Amino acid sequence: MSQSSPRIALVTGASSGFGRAIAQRLVADGIRVIATARRRDRLDALRSELGDQLLPLVLDVTDAEAVAALPGALPDGWREVDVLVANAGLALGLGPAHEAKPEDWARMIATNVSGVTTTVRALLPGMVARDRGHVITIGSIAGTYPYPGGNVYGATKAFVAQFALNLRADLVGTGVRVSNLEPGLVGGSEFSNVRFNDDDRAAKVYENAEPLLPEDIAETVSWVLSLPARVNINRVELMPVTQASAALAVKRK
Ligand code: NDP
Ligand code: 8X3
C-alpha cells in the first residue's frame, strides 16, 4: 500500500490546540484517529463531533507503563498505527533559570522528552515490522533559538529535534518516515494558559500579533503525510508573517 494513504493515526495531546486540530484534519483526510490525552471529557466531545472514525483513549504520556502497554491495549481494527503525531507537551513558566521551579523543569522533561521517547518506542516496532509509517514530532522554534526564560522548555524541544533526526538515521532502509515540525507563535491553543497559569498574561502573548493557528499546524501535518513515499520531510520551521528570529541579547551598562 502507498505510504501516502495512511489508515490509522495516533495523536497525543488531542484534547486541545494542535492535537485537536490535527485529529479533526486527519479524520477529514480519511484517516482514522486514535485521540489520546488525559482529559476524557474533551476526547469524548471530539468523538461526538467526529464520529466513529475517532477512537478516544485516555493516556498520560508520563505514565511509562501505560505507554509501553499501549500497542497491546488497542482494540481490534485499531492496532496497525501508521502515523504517530507525538504532540503532547507543555511549557511551564518563563522566569530565569535561577528562579525556576525544579518541579516545573521535571514535568517539562517528563512530558516533552520522556513522553515523546516512550510513545515513539512503543509504536515504532509495529511500523518497522509493516515497513510503513510516519512519526511526526512537535518541536518548536524554541529548540533552535534561545530566548530569556526558554531554558528547559527550549532544551526539551532541541532534544525532540535531534531525536527525530537520529530516528531517521536508524530507520534508513525502512519505509518509516520521521518529520519534526517546529512552529513559532501559535494562538488558539491552551499553551500560554498552561505556561502562565494565568488567562490575562496568556492573552497578552497573542495581542495584535496575528499568530499562526492550530489549523495551520494541522495543514502542515496533512501536507507532510500526503507526499510520495520517497519523500521524507526532515523538519519544518514555521512562523507567522509577523514573527522573525530575534537579535542576540546584549547587556549594556
Ligand atoms: P495545548 O496546551 O493546547 O495542548 C497540549 C496538549 O497536550 C493537550 O491536549 C494536553 O491534554 C496534552 N498533554 C499535556 N500533558 C500531557 C500528558 N502528561 N499526557 C498526555 N497529554 C498531555 O498546547 P498546544 O496545542 O499549543 O501545544 C501542542 C504542542 O505544540 C506542545 O508540544 C507544544 O510544546 C508545542 N508547541 C506549541 C506552540 C504554541 O505557540 N502554541 C509553538 C510550538 C510548539 P490533557 O491536558 O488533556 O492531557
Ligand atoms: C512555543 C513557541 O516561542 O513560546 O514552542 O517557545 S515559544
# chains A, B, ... in the order shown; residues from 1 in each chain; ligands from 1
>>> residues_near_ligand(ligand="ligand 2", cutoff="9 Å", atoms="only C-alpha atoms and all ligand atoms", output="PyMOL selection string")
chain A and resi 90-91+138-143+145-147+150+153-154+157+182-186+191-192+195+205
>>> select_by_dssp(residues="segment 10-244 of chain A", states="strand (DSSP E)", output="PDB file with C-alpha atoms, in the first residue's frame")
ATOM      1  CA  LEU A  10      -2.440   8.115  16.900  1.00  0.00           C
ATOM      2  CA  VAL A  11      -2.297  11.698  18.148  1.00  0.00           C
ATOM      3  CA  THR A  12      -1.112  12.532  21.659  1.00  0.00           C
ATOM      4  CA  ARG A  32      -8.936   7.077  11.368  1.00  0.00           C
ATOM      5  CA  VAL A  33      -7.563   8.697  14.502  1.00  0.00           C
ATOM      6  CA  ILE A  34      -6.814   7.394  17.978  1.00  0.00           C
ATOM      7  CA  ALA A  35      -7.099  10.575  20.015  1.00  0.00           C
ATOM      8  CA  THR A  36      -5.225  10.473  23.321  1.00  0.00           C
ATOM      9  CA  ALA A  37      -4.834  12.872  26.259  1.00  0.00           C
ATOM     10  CA  LEU A  54     -12.128   8.666  16.013  1.00  0.00           C
ATOM     11  CA  LEU A  55     -11.247   6.479  18.980  1.00  0.00           C
ATOM     12  CA  PRO A  56     -10.848   8.398  22.257  1.00  0.00           C
ATOM     13  CA  LEU A  57      -8.261   6.921  24.600  1.00  0.00           C
ATOM     14  CA  VAL A  58      -7.143   8.347  27.936  1.00  0.00           C
ATOM     15  CA  VAL A  83       1.116   7.615  11.871  1.00  0.00           C
ATOM     16  CA  LEU A  84       2.169   8.815  15.311  1.00  0.00           C
ATOM     17  CA  VAL A  85       1.811  12.516  15.995  1.00  0.00           C
ATOM     18  CA  ALA A  86       3.780  12.959  19.227  1.00  0.00           C
ATOM     19  CA  GLY A 133       4.731   4.525   8.980  1.00  0.00           C
ATOM     20  CA  HIS A 134       5.337   8.154   9.816  1.00  0.00           C
ATOM     21  CA  VAL A 135       6.436   9.627  13.128  1.00  0.00           C
ATOM     22  CA  ILE A 136       5.661  13.319  13.392  1.00  0.00           C
ATOM     23  CA  THR A 137       7.141  15.073  16.401  1.00  0.00           C
ATOM     24  CA  ILE A 138       6.188  18.567  17.500  1.00  0.00           C
ATOM     25  CA  VAL A 176       9.169   4.663   8.063  1.00  0.00           C
ATOM     26  CA  ARG A 177       9.359   8.450   7.795  1.00  0.00           C
ATOM     27  CA  VAL A 178      10.098  10.968  10.543  1.00  0.00           C
ATOM     28  CA  SER A 179       9.328  14.688  10.482  1.00  0.00           C
ATOM     29  CA  ASN A 180       9.795  17.317  13.192  1.00  0.00           C
ATOM     30  CA  LEU A 181       7.518  20.364  12.976  1.00  0.00           C
ATOM     31  CA  GLU A 182       8.989  23.470  14.599  1.00  0.00           C
ATOM     32  CA  PRO A 183       6.333  26.165  14.971  1.00  0.00           C
ATOM     33  CA  ARG A 235      11.986  19.324   9.649  1.00  0.00           C
ATOM     34  CA  VAL A 236       9.606  22.200   9.044  1.00  0.00           C
ATOM     35  CA  GLU A 237      10.148  25.543  10.773  1.00  0.00           C
ATOM     36  CA  LEU A 238       7.116  27.805  10.507  1.00  0.00           C
TER      37      LEU A 238
END
>>> closest_residue(among="A:Leu26, A:Ala110, A:Leu74, A:Ala122", to="Asp60 of chain A", atoms="only C-alpha atoms")
A:Ala110
>>> closest_residue(among="A:Ser48, A:Thr111, A:Thr144, A:Asn234", to="ligand 1", atoms="only C-alpha atoms and all ligand atoms")
A:Thr111
>>> closest_residue(among="A:Val224, A:Ala45, A:Ile217, A:Ala73", to="ligand 1", atoms="only C-alpha atoms and all ligand atoms")
A:Ile217
>>> atom_distance(atom1="atom CA of Leu43 of chain A", atom2="atom CA of Thr62 of chain A")
18.1 Å
>>> residues_around(residues="Glu210 of chain A", least_positions_apart="6", cutoff="10 Å", atoms="only C-alpha atoms", output="list of chain:residue names")
A:Leu185, A:Val186, A:Gly187, A:Pro240, A:Val241, A:Thr242, A:Gln243
>>> closest_residue(among="A:Ala68, A:Leu165, A:Val152, A:Ala88", to="ligand 1", atoms="only C-alpha atoms and all ligand atoms")
A:Ala88
